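Asks: You'll find model-v6.cif just under this line, and it carries mmCIF, C-alpha atoms.
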```
data_target
loop_
_atom_site.label_atom_id
_atom_site.label_comp_id
_atom_site.auth_asym_id
_atom_site.auth_seq_id
_atom_site.Cartn_x
_atom_site.Cartn_y
_atom_site.Cartn_z
CA MET A 1 254.17 145.80 295.77
CA LYS A 2 256.52 143.59 297.82
CA LYS A 3 253.52 141.99 299.56
CA ILE A 4 251.91 141.09 296.23
CA THR A 5 255.17 139.64 294.90
CA LEU A 6 255.68 137.63 298.10
CA ALA A 7 252.08 136.35 298.02
CA LEU A 8 252.41 135.34 294.37
CA ALA A 9 255.69 133.52 295.07
CA LEU A 10 254.07 131.66 297.98
CA VAL A 11 251.09 130.58 295.84
CA LEU A 12 253.42 129.37 293.06
CA ALA A 13 255.54 127.45 295.58
CA LEU A 14 252.45 125.75 297.01
CA PHE A 15 251.22 124.90 293.52
CA GLY A 16 254.59 123.44 292.50
CA ALA A 17 254.83 121.41 295.72
CA GLY A 18 251.51 119.77 294.98
CA CYS A 19 252.33 118.47 291.50
CA GLY A 20 252.72 114.70 291.46
CA GLY A 21 255.43 112.65 289.81
CA THR A 22 259.11 113.01 289.22
CA GLY A 23 259.07 113.12 285.44
CA THR A 24 260.06 110.57 282.88
CA THR A 25 263.56 109.32 282.12
CA ARG A 26 263.92 107.90 278.62
CA PHE A 27 266.40 106.25 276.32
CA VAL A 28 266.08 106.19 272.53
CA HIS A 29 268.59 104.24 270.45
CA PRO A 30 270.32 106.94 268.38
CA GLU A 31 270.68 104.85 265.21
CA PHE A 32 267.39 102.96 265.17
CA ASP A 33 264.78 103.68 262.47
CA PHE A 34 261.39 103.43 264.20
CA SER A 35 259.55 103.42 260.86
CA PHE A 36 260.70 99.80 260.62
CA VAL A 37 258.44 98.82 263.55
CA GLU A 38 254.87 98.19 262.38
CA GLY A 39 253.67 95.32 264.54
CA VAL A 40 254.31 94.99 268.27
CA ALA A 41 253.38 92.67 271.11
CA VAL A 42 253.07 93.52 274.78
CA VAL A 43 254.60 90.86 277.00
CA PRO A 44 252.83 90.62 280.40
CA PHE A 45 254.47 93.09 282.78
CA GLU A 46 256.48 91.95 285.76
CA ASN A 47 255.26 93.08 289.19
CA LEU A 48 257.96 93.98 291.72
CA SER A 49 255.56 95.97 293.90
CA THR A 50 253.85 94.63 296.99
CA THR A 51 250.41 95.21 295.45
CA GLN A 52 249.17 91.96 293.98
CA GLY A 53 247.96 92.14 290.37
CA SER A 54 249.69 95.41 289.50
CA GLY A 55 251.65 93.85 286.63
CA ALA A 56 248.52 92.45 284.97
CA GLN A 57 246.63 95.70 285.52
CA ALA A 58 249.45 97.77 284.01
CA THR A 59 249.67 95.40 281.03
CA ARG A 60 245.94 95.85 280.26
CA TYR A 61 246.11 99.63 280.62
CA PHE A 62 249.23 99.83 278.44
CA VAL A 63 247.70 97.72 275.67
CA THR A 64 244.68 100.06 275.64
CA SER A 65 246.89 103.18 275.52
CA LEU A 66 249.00 101.64 272.75
CA LEU A 67 245.90 100.82 270.70
CA ALA A 68 244.54 104.34 271.28
CA SER A 69 247.81 105.86 270.03
CA ASP A 70 247.28 104.15 266.65
CA ALA A 71 251.07 104.06 266.22
CA PHE A 72 251.47 100.29 265.82
CA VAL A 73 249.54 97.16 264.97
CA VAL A 74 249.19 95.52 268.39
CA ILE A 75 248.93 91.73 268.65
CA GLU A 76 246.10 90.44 270.83
CA PRO A 77 247.19 89.48 274.39
CA GLY A 78 245.86 85.93 273.94
CA GLU A 79 248.18 85.39 270.96
CA VAL A 80 251.10 86.70 273.01
CA ALA A 81 250.25 84.27 275.84
CA ARG A 82 250.08 81.39 273.34
CA ALA A 83 253.48 82.31 271.86
CA LEU A 84 255.04 82.52 275.33
CA GLU A 85 253.55 79.11 276.15
CA THR A 86 255.02 77.51 273.03
CA GLN A 87 258.41 78.86 274.11
CA SER A 88 257.80 77.42 277.63
CA LEU A 89 258.35 80.85 279.16
CA VAL A 90 257.19 81.61 282.66
CA ARG A 91 259.46 84.50 283.63
CA THR A 92 259.25 87.02 280.83
CA ALA A 93 261.34 89.75 282.44
CA GLN A 94 264.57 88.03 281.52
CA LEU A 95 264.06 86.93 277.94
CA THR A 96 267.19 85.93 276.09
CA GLU A 97 268.08 87.34 272.68
CA ASP A 98 267.16 84.01 271.05
CA GLN A 99 263.77 83.92 272.83
CA ILE A 100 263.01 87.49 271.73
CA LYS A 101 263.83 86.61 268.13
CA ALA A 102 261.73 83.42 268.26
CA ILE A 103 258.71 85.20 269.73
CA GLY A 104 259.06 87.96 267.14
CA ARG A 105 259.09 85.42 264.30
CA GLU A 106 256.15 83.47 265.72
CA LEU A 107 253.99 86.58 266.19
CA GLY A 108 255.23 88.37 263.06
CA VAL A 109 256.16 91.53 264.98
CA GLN A 110 259.14 93.83 264.84
CA GLY A 111 259.02 94.87 268.50
CA LEU A 112 258.19 93.56 271.96
CA PHE A 113 257.18 95.84 274.81
CA LEU A 114 258.48 94.61 278.16
CA GLY A 115 257.47 96.31 281.37
CA THR A 116 257.91 96.26 285.12
CA VAL A 117 255.78 97.81 287.84
CA SER A 118 258.43 98.55 290.44
CA GLU A 119 256.14 100.45 292.82
CA SER A 120 252.40 100.54 293.31
CA ALA A 121 251.49 101.63 296.80
CA SER A 122 249.33 103.82 298.97
CA LEU A 123 251.38 105.93 301.35
CA ARG A 124 250.22 108.10 304.24
CA SER A 125 251.12 111.77 303.89
CA GLY A 126 249.78 113.70 306.85
CA SER A 127 246.04 113.20 306.94
CA THR A 128 245.81 111.98 303.34
CA THR A 129 246.71 108.81 301.51
CA VAL A 130 248.83 109.20 298.38
CA SER A 131 248.92 106.57 295.63
CA VAL A 132 252.37 106.13 294.08
CA VAL A 133 253.20 104.18 290.91
CA THR A 134 256.55 103.66 289.17
CA VAL A 135 256.90 101.76 285.89
CA VAL A 136 259.79 100.85 283.62
CA LEU A 137 259.00 100.10 279.96
CA ARG A 138 261.22 98.89 277.11
CA LEU A 139 260.73 98.30 273.40
CA VAL A 140 262.98 95.51 272.17
CA GLU A 141 263.54 95.04 268.45
CA THR A 142 262.93 91.39 267.51
CA GLU A 143 265.47 91.06 264.70
CA THR A 144 268.48 91.69 266.95
CA GLY A 145 267.05 91.58 270.48
CA ALA A 146 268.36 95.09 271.20
CA THR A 147 266.53 97.61 273.38
CA VAL A 148 265.66 100.57 271.13
CA TRP A 149 263.54 102.58 273.60
CA SER A 150 263.14 102.61 277.35
CA ALA A 151 261.32 104.89 279.76
CA THR A 152 260.88 105.09 283.52
CA ASN A 153 258.17 107.18 285.08
CA SER A 154 256.86 107.81 288.60
CA GLU A 155 253.54 109.43 289.36
CA ASP A 156 251.56 110.05 292.51
CA SER A 157 248.08 111.22 293.35
CA ALA A 158 249.18 114.33 295.21
CA GLY A 159 247.87 117.41 293.48
CA PHE A 160 247.58 121.04 294.46
CA TRP A 161 244.09 120.81 295.99
CA SER A 162 244.66 117.43 297.62
CA THR A 163 247.90 118.64 299.19
CA LEU A 164 246.41 121.90 300.36
CA PHE A 165 243.02 120.63 301.54
CA GLY A 166 243.35 116.85 301.67
CA THR A 167 240.72 116.34 298.97
CA GLY A 168 240.44 115.32 295.34
CA GLN A 169 242.76 112.33 295.42
CA LYS A 170 243.16 110.31 292.23
CA SER A 171 242.72 106.55 292.47
CA ARG A 172 245.70 104.25 292.05
CA SER A 173 244.24 103.19 288.67
CA GLU A 174 244.22 106.80 287.47
CA VAL A 175 247.78 107.28 288.69
CA MET A 176 248.90 104.08 286.93
CA ARG A 177 247.29 105.13 283.63
CA LYS A 178 248.92 108.57 283.89
CA CYS A 179 252.28 106.95 284.64
CA LEU A 180 252.05 104.59 281.65
CA ASP A 181 250.86 107.37 279.33
CA GLY A 182 253.79 109.51 280.50
CA CYS A 183 256.16 106.78 279.33
CA LEU A 184 254.32 106.19 276.03
CA ASP A 185 254.30 109.92 275.27
CA THR A 186 258.11 109.82 275.04
CA LEU A 187 257.83 107.32 272.16
CA VAL A 188 254.65 108.28 270.33
CA ASP A 189 253.84 111.84 269.33
#
```
Could you render the structure from this file as C-alpha cells?

Replies:
Amino acid sequence: MKKITLALALVLALFGAGCGGTGTTRFVHPEFDFSFVEGVAVVPFENLSTTQGSGAQATRYFVTSLLASDAFVVIEPGEVARALETQSLVRTAQLTEDQIKAIGRELGVQGLFLGTVSESASLRSGSTTVSVVTVVLRLVETETGATVWSATNSEDSAGFWSTLFGTGQKSRSEVMRKCLDGCLDTLVD
C-alpha cells in the first residue's frame, strides 16, 4: 500500500511540475459598475520584450478574443489608429487622463484596453525550448481616466508530456493566446 501511495504522489508531483504559467494576478475596482461599459477600444499594446512584433501580435489576438467573448462592442483597430493620430499620440503606454477622455469621446467608447507584452521569449530548459509570455492588461474608464480592471498573466509552453519526454511543445503564438485569454477570463465570465 505504501508503494502505491508513493508512486501516486510521485506521478502527481511530476504532473504538477509540468504545468505552465504562474497564474493571473488581477485588480477590479471595488466601486465600479461594469454594466456602464458597452463600447471599448483596444489601444495598440506596448512591447517591452526582446521579440520584435510581440506587441502588435498580442493586440490582434486580444481583439479577436474580445470579439469572441461578445461582452463589449469593440471599435475597429483602424478607427483606433485614426483617433490616436488625431491626438498626435505615438507612445500610447503613458496616456494622460485628458488624452484618455479625448480618445473616449472621439471613439464613443466607455473603456480603453491598454496592454504591455513584458516578456515573449524562447528559453532553453534541458534539451527542450520553452516559450514564455507575460502580459499586463488594463481597462481604463474614459469618463474619469481611472483604471477599473487590470490583470497580469504569465504562461509557458512547458506541459506534462513536454517536460517528461521533451515533446508536444506549444508554439509561442499558442502560449500568447492562452496568456491573453487567462487575463480576459478574469473580466469576462

Asks: Go ahead and compute the interatomic distance for CA of Thr59 in chain A and CA of Asp33 in chain A, in Å to one decimal.

Replies: 25.3 Å

Asks: What is the CA of Val188 in chain A to CA of Gln110 in chain A distance in Å?

Replies: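 Straight-line distance from CA of Val188 in chain A to CA of Gln110 in chain A works out to 16.1 Å.
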
Asks: Sorted by chain and rising residue number, which residues of range 63-101 of chain A lie within 12 Å of range 145-159 of chain A, and what are their closest atom pairs and distances in Å to one decimal, counting all atoms listed in the file, as a tab-separated table?

Replies:
```
residue	atom	partner	partner_atom	distance
A:Gln94	CA	A:Gly145	CA	11.9
A:Leu95	CA	A:Gly145	CA	9.3
A:Thr96	CA	A:Gly145	CA	8.0
A:Glu97	CA	A:Gly145	CA	4.9
A:Asp98	CA	A:Gly145	CA	7.6
A:Gln99	CA	A:Gly145	CA	8.7
A:Ile100	CA	A:Gly145	CA	5.9
A:Lys101	CA	A:Gly145	CA	6.4
```

Asks: One decimal, in Å: what's the spacing between CA of Leu180 in chain A and CA of Val117 in chain A?

Replies: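 Distance between the two atoms: 9.9 Å.
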
Asks: Return as AutoDock Vina command-line options the centre and edge lengths, in Å with one decimal, of the box along x, y and z that encloses every atom of range 129-141 of chain A in the file, padded by 8 Å per side.

Replies:
```
--center_x 255.1 --center_y 102.1 --center_z 285.0 --size_x 32.8 --size_y 30.2 --size_z 49.1
```

Asks: Counting all atoms listed in the file, what are the residues of range 90-173 of chain A within 9 Å of range 65-83 of chain A, and for each of them which pair of atoms is the nearest and at what distance in Å, to one decimal? Sort the table by chain and rising number, as JSON lines.

Replies:
```
{"residue": "A:Ile103", "atom": "CA", "partner": "A:Ala83", "partner_atom": "CA", "distance": 6.3}
{"residue": "A:Glu106", "atom": "CA", "partner": "A:Ala83", "partner_atom": "CA", "distance": 6.8}
{"residue": "A:Leu107", "atom": "CA", "partner": "A:Ala83", "partner_atom": "CA", "distance": 7.1}
{"residue": "A:Val109", "atom": "CA", "partner": "A:Ile75", "partner_atom": "CA", "distance": 8.1}
```

Asks: Rank A:Gly53, A:Gly182, A:Arg124, A:Leu112 by their smallest atom-to-atom distance to Leu139 in chain A, using only C-alpha atoms, and report the top residue only.

Replies: A:Leu112

Asks: With all atoms listed in the file as the atoms that count, which of A:Lys178, A:His29, A:Lys170, A:Arg60 lies nearest to Val140 in chain A?

Replies: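 Among the listed residues, A:His29 lies closest to Val140 in chain A.
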
Asks: Which is closer to Gly108 in chain A than all the others in A:Leu187, A:Ala41, A:Val132, A:Leu84, using all atoms listed in the file?

Replies: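 Of A:Leu187, A:Ala41, A:Val132, A:Leu84, the one nearest Gly108 in chain A, counting all atoms listed in the file, is A:Ala41.
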
Asks: For the file shown, report as a PyMOL selection string the outcome of the PyMOL selection byres ((chain A and resi 46) around 6) at residue level.

Replies: chain A and resi 45+47+55+116
